[in-house]
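Here's the structure, in structure tokens; my notes come after.
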Amino acid sequence: MEYLKKYEEIVLPDERHKLFMFENKETGNTRKLTLKDIYLEAKSIELKEEVPERVRSHFSTAINLLVYSWFHYPFNITAQFLAFVTVEMALKERFNVKNYQSFSNLVKRAVSEGLVRDEGFEHIQYKCEAMKIVKIKRDNMIENVKPYVDTLVDVMPSLRNELAHGSSILHMHGTASVKICAAFINQLFCKNTANKANY
């Protein structure tokens with residue numbers, strides 16, 4: 001059950017963060033998660049200068065909510081929702097949409113026109129490289145792999161709608177979703193982002 005925090009507890013971390021650990025990828029050591037960890041992760045998520053200012057400004061609310069989730073854990077989910085909303089705003093801006101078009105159709109259009117492609121998502125680069133290795137070993141295995149962007153066409157509008165229409169879902173994956181949304185938006189406005197990602 002969520003509630004309004006007591007005034008004297010406003011700047012105290014949400015107790016649920018004690019359940020998570022931070023792992024140093026270089027050393028393999030783990031420690032308790034801190035506000036600085038969350039802040040640095042949020043700070044690393046950026047929209048490029050080519051993205052219209054009003055879209056970048058709107059997206060900054062999602063980034064700030066990631067940070068403030070340290071104090072109120074559910075802001076993590078609110079950040080995810082606002083990132084999806086910013087993707088819709090960016091799509092309307094990119095396609096100069098004046099009348100109503102569904103979020104689902106806009107996502108499909110971006111993918112079908114090749115504006116958003118698998119290569120533009122950092123978190124699947126490893127999978128792409130791994131799949132190339134698989135292709136060398138077993139040539140026919142790669143052909144049945146569904147492109148990541150096709151999965152986004154199905155999943156992104158569904159997740160946005162679930163959150164928009166009232167959901168009690170609570171998880172720690174808001175940051176990952178906000179990163180995906182940033183990569184999606186950057187590809188809409190930045191030339192060669194999908195072809196020449198900086199990984």
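In the structure tokens, chains take the letters A, B, ... in the order shown, each chain's residues start at 1, and ligands count up from 1 in the order shown.
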> Where in segment 5-197 of chain A does DSSP assign alpha helix (DSSP H), given as a VMD selection string?
Replying inline: chain A and resid 35 to 43 53 to 68 75 to 94 103 to 112 125 to 137 148 to 164 174 to 189
>> Quick one: residues within 9 Å of Glu41 of chain A, only C-alpha atoms, excluding same-chain residues fewer than 5 positions away - as an MDAnalysis selection string?
In response: chainID A and resid 36 66:67 175
File dump, residues just selected, all heavy atoms, as a JSON list (two decimals), in the first residue's frame:
```
[["chain", "number", "residue", "atom", "x", "y", "z"],
["A", 36, "LYS", "N", 23.65, 7.77, -5.54],
["A", 36, "LYS", "CA", 24.60, 8.14, -6.58],
["A", 36, "LYS", "C", 24.57, 7.13, -7.73],
["A", 36, "LYS", "O", 24.67, 7.51, -8.90],
["A", 36, "LYS", "CB", 26.01, 8.26, -6.02],
["A", 36, "LYS", "CG", 27.00, 8.84, -7.02],
["A", 36, "LYS", "CD", 28.33, 9.17, -6.40],
["A", 36, "LYS", "CE", 29.23, 9.85, -7.41],
["A", 36, "LYS", "NZ", 30.54, 10.18, -6.84],
["A", 66, "LEU", "N", 13.43, 8.89, -12.39],
["A", 66, "LEU", "CA", 14.31, 7.76, -12.07],
["A", 66, "LEU", "C", 15.14, 8.08, -10.83],
["A", 66, "LEU", "O", 15.28, 7.25, -9.94],
["A", 66, "LEU", "CB", 15.25, 7.46, -13.24],
["A", 66, "LEU", "CG", 14.65, 6.80, -14.48],
["A", 66, "LEU", "CD1", 15.72, 6.63, -15.55],
["A", 66, "LEU", "CD2", 14.01, 5.46, -14.14],
["A", 67, "VAL", "N", 15.67, 9.30, -10.79],
["A", 67, "VAL", "CA", 16.48, 9.71, -9.64],
["A", 67, "VAL", "C", 15.63, 9.76, -8.37],
["A", 67, "VAL", "O", 16.01, 9.23, -7.33],
["A", 67, "VAL", "CB", 17.15, 11.08, -9.90],
["A", 67, "VAL", "CG1", 17.91, 11.54, -8.66],
["A", 67, "VAL", "CG2", 18.08, 11.00, -11.10],
["A", 175, "THR", "N", 14.44, 1.98, -15.46],
["A", 175, "THR", "CA", 15.64, 2.54, -16.09],
["A", 175, "THR", "C", 15.90, 1.89, -17.44],
["A", 175, "THR", "O", 16.20, 2.58, -18.42],
["A", 175, "THR", "CB", 16.86, 2.36, -15.17],
["A", 175, "THR", "OG1", 16.60, 2.99, -13.91],
["A", 175, "THR", "CG2", 18.10, 2.98, -15.78]]
```
>> Report as a ChimeraX atom specification all protein, DNA and RNA residues lying within 9 Å of segment 12-29 of chain A, evaluated on only C-alpha atoms, omitting residues in the same chain fewer than 5 positions from it.
In response: /A:34-35,37,69-73
> Got a sec to tell me which of segment 21-154 of chain A DSSP assigns to strand (DSSP E), as a PyMOL selection string?
Replying inline: chain A and resi 21-23+30-32
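Nearest residue to Val116 of chain A, choosing from A:Val149, A:Leu40, A:Lys5, A:His58 and counting only C-alpha atoms: A:Val149.
In this structure, atom CA of Arg160 of chain A sits 14.9 Å away from atom CA of Phe59 of chain A.
Using only C-alpha atoms, the residues found no farther than 8 Å from segment 48-50 of chain A, other than those of its own chain fewer than 3 positions away, are Glu53, Asn186, Phe189 and Cys190 of chain A.
The coordinates place atom CA of Ala62 of chain A at 5.5 Å from atom CA of Leu82 of chain A.
Closest to Ile38 of chain A among A:Ile180, A:Leu65, A:Leu115, A:Met89 is A:Leu65, based on only C-alpha atoms.
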